[in-house]
Protein chains: 2
Amino acid sequence: VPYSGDAVPLPEKSLIAEVRCAVSTRGSSIIRGIGDDCAVLRLRPDQDTLVTTDFTLEGIHFRRDWHPPESVGHRCLTRGLSDIAAMGGEPITAFLSLALPRDLPQTWVRRFTHGLLKLAHEHGVTLAGGDTAQSPGGILADIVVLGTVRRGKAILRSGARAGDRIFVSGELGGSAAALTAMRSGKKSNSLQYRRHFYPEARLQLACILRERNLASAMIDTSDGLSTDLGHICEESNVGAEIEPALIPHARVGKPAEDVSLDFALHGGEDYELLFTARPGKRIPPEIAGVRITQIGRVTRGRGIVLVDAKGRKRQLRARGWEHFRP
Amino acid sequence: VPYSGDAVPLPEKSLIAEVRCAVSTRGSSIIRGIGDDCAVLRLRPDQDTLVTTDFTLEGIHFRRDWHPPESVGHRCLTRGLSDIAAMGGEPITAFLSLALPRDLPQTWVRRFTHGLLKLAHEHGVTLAGGDTAQSPGGILADIVVLGTVRRGKAILRSGARAGDRIFVSGELGGSAAALTAMRSGKKSNSLQYRRHFYPEARLQLACILRERNLASAMIDTSDGLSTDLGHICEESNVGAEIEPALIPHARVGKPAEDVSLDFALHGGEDYELLFTARPGKRIPPEIAGVRITQIGRVTRGRGIVLVDAKGRKRQLRARGWEHFRP
């Protein structure tokens, strides 16, 4: 019995409050939950809200002896921004949860924060909160980014249809190539491997694709082409044919050279946009200063098939990207 | 030059898209950022959106040999729900980022998720997304909870004024007492220490406080009374006088006994609500089935002072809660 300890009769107002608070009146505002780059919430009538969360963990996503703190902060936020871009959205605000080992020098944190906030500022994103904790092991960060997109305009993974063409922005494989170089002991820096140390989320490109209704489905290449195209195929219930000769390979290192096909197919963390477009749509070869390349087409079948210049086909398995990792 | 690779003249529509996407039109929608239990965003005209993120880290917030997985999942979500309660809000949806060691048994994850989802269901909260990763060390979880509160109605830490009375819900110190018992090797379970293993966020109480405009400032006791009251004082620019004899001590263990004053003053993770009320407001001794106790009053000075039965005063220092931790 509520208020049972209260001898004074209750005013009606408080009873109303009681009932109101006991009965949840929240309708489900979730348009799209697990299974896309962001969750899509309808919190207001005219706009949808996008939410994405991404870990950045020492030893998994970066190494302190390989990555300058500014790069770790930059990459941490880019993971979230790129998920917003992958929905055709615009980022609004970010939240950072950060767990730090006791012995971490203060300068590391300062430089990390500098890298993160510099990027946030460039995109008009405010860091609005978060959590801090002591870490039992390495440095642990979790970034949450909230974004917005006009009602019903989010570009989902599930919109591809047989006959659509498949496009990718920029070049692929550069980020994985940087890790491999570092693992083999080569000094690597952001001059040779800009896309690894300071990747850009393709927000302006994403906005244009949305405004012009060019993309039927979209994802960012955070896990690598083979994995991420697999996600589009799975969510859209389609297959894909890719021509390896068309895939734009990143040029990295010193002297600069093209990365191998394996890197371009399976290497992650390039944060390019992979999207499909209906047959009628004209896709320019460059949008917002970023090269756009058609690499294949959506098929009725299941799975992803590589087709070489002579028309020979072989199945492409998602190799994931774990074996490139630190 | 955008579209520089495109020989075909551009239709006007695409130029408009270009400009629209280059110029950020997002106004600042952040009403309250860092420095409260949640960030407050104004994404729609009639309601404010609350966002909170909280880590749950193995070895810091729980130990696998002390806490059943269901309890870890329950406590993980409670951390977020309690922050929403502390603002007088209602939770809508949650996002879980989870990094797991390679060798973690699948049953652990299943039981953790069960504990978390059971609580989510009880509060009508949907788990709408998140991230998973491999952990370099122990189990790492980060929970994000989005909530809602009527425009301008969020109960902030900064609303206390000299002369307000200070109240706390339920009893304090039970959670810290459980940890101390376990550290000393005593078997402890949820029957003896319910508030430690399965704490309830005081959402209904919070809702009533908001609907009836009873609280001028509020926070949840996640870090312990001395620390959390310190946050209210700091954000409100006031001081406080507490009568230790009035503080409701938790009764825990077997045989059940009252926890010590130290636990009640400094032990965290009780997830009770600590709030202030203006002199005129009548505060019932029980709201929504939860005992409400006045423990002191807000003063003009700085710092928190303990006043004993004979009127003797001594300064209370925020001892934090780290030394009770696993």
# chains A, B, ... in the order shown; residues from 1 in each chain; ligands from 1
call {"tool": "residues_around", "arguments": {"residues": "Thr93 in chain B", "least_positions_apart": "5", "cutoff": "10 Å", "atoms": "only C-alpha atoms", "output": "ChimeraX atom specification"}}
result
/A:28-30,41 /B:51,81,120,123-129,144-148
call {"tool": "select_by_dssp", "arguments": {"residues": "range 86-262 of chain A", "states": "strand (DSSP E)", "output": "ChimeraX atom specification"}}
result
/A:90-100,126-134,140-150,165-169,217-220,239-242,251-252,257-258
call {"tool": "write_last_selection", "arguments": {"atoms": "C-alpha atoms", "output": "compact mmCIF listing (two decimals), in the first residue's frame"}}
result
# COMPACT_ATOMS: atom_id res chain seq x y z
CA GLU A 90 24.01 13.67 -39.18
CA PRO A 91 25.73 13.43 -35.79
CA ILE A 92 24.52 15.67 -32.96
CA THR A 93 26.20 14.68 -29.75
CA ALA A 94 28.57 12.09 -28.28
CA PHE A 95 29.07 10.42 -24.90
CA LEU A 96 32.38 8.91 -23.87
CA SER A 97 32.86 6.19 -21.28
CA LEU A 98 36.51 5.87 -20.39
CA ALA A 99 38.17 3.37 -18.04
CA LEU A 100 41.84 4.02 -17.36
CA THR A 126 29.29 18.18 -28.65
CA LEU A 127 30.62 15.79 -26.05
CA ALA A 128 27.68 15.83 -23.65
CA GLY A 129 28.61 13.29 -20.99
CA GLY A 130 29.85 9.83 -20.24
CA ASP A 131 31.36 7.82 -17.46
CA THR A 132 34.84 7.36 -16.06
CA ALA A 133 36.12 4.36 -14.15
CA GLN A 134 39.32 2.72 -13.12
CA LEU A 140 38.88 0.99 -22.38
CA ALA A 141 36.71 3.47 -24.23
CA ASP A 142 33.12 3.24 -25.37
CA ILE A 143 31.74 5.99 -27.57
CA VAL A 144 28.04 6.67 -27.99
CA VAL A 145 26.96 8.95 -30.81
CA LEU A 146 23.45 10.31 -31.25
CA GLY A 147 22.47 11.51 -34.67
CA THR A 148 19.44 12.60 -36.59
CA VAL A 149 17.85 11.88 -39.94
CA ARG A 150 14.56 13.02 -41.43
CA ARG A 165 24.55 -1.94 -58.41
CA ILE A 166 27.11 -2.02 -55.59
CA PHE A 167 29.37 0.97 -54.95
CA VAL A 168 32.15 1.75 -52.53
CA SER A 169 33.67 5.11 -51.61
CA ALA A 217 21.05 0.15 -48.76
CA MET A 218 24.23 1.23 -46.97
CA ILE A 219 26.85 0.15 -44.42
CA ASP A 220 30.31 1.39 -43.49
CA GLY A 239 23.31 -12.17 -52.93
CA ALA A 240 26.09 -10.23 -54.64
CA GLU A 241 28.59 -10.53 -57.48
CA ILE A 242 31.82 -8.59 -57.12
CA ARG A 251 47.95 3.08 -51.92
CA VAL A 252 49.98 3.21 -48.73
CA GLU A 257 52.19 0.88 -53.30
CA ASP A 258 48.79 -0.72 -53.79
call {"tool": "residues_around", "arguments": {"residues": "range 245-247 of chain A", "least_positions_apart": "3", "cutoff": "12 Å", "atoms": "only C-alpha atoms", "output": "JSON, numbers by chain"}}
result
{"A": [166, 167, 168, 169, 170, 171, 172, 173, 225, 226, 241, 242, 250, 258, 259, 260, 261, 262, 263, 264, 265, 266, 274, 291, 292, 293, 294, 295, 296, 297, 306, 307, 308, 309, 310, 311]}
call {"tool": "atom_distance", "arguments": {"atom1": "CA of Thr221 in chain B", "atom2": "CA of Pro244 in chain B"}}
result
16.2 Å
call {"tool": "select_by_dssp", "arguments": {"residues": "range 191-272 of chain B", "states": "alpha helix (DSSP H)", "output": "number ranges by chain"}}
result
B: 194-197, 203-211, 225-236, 261-266
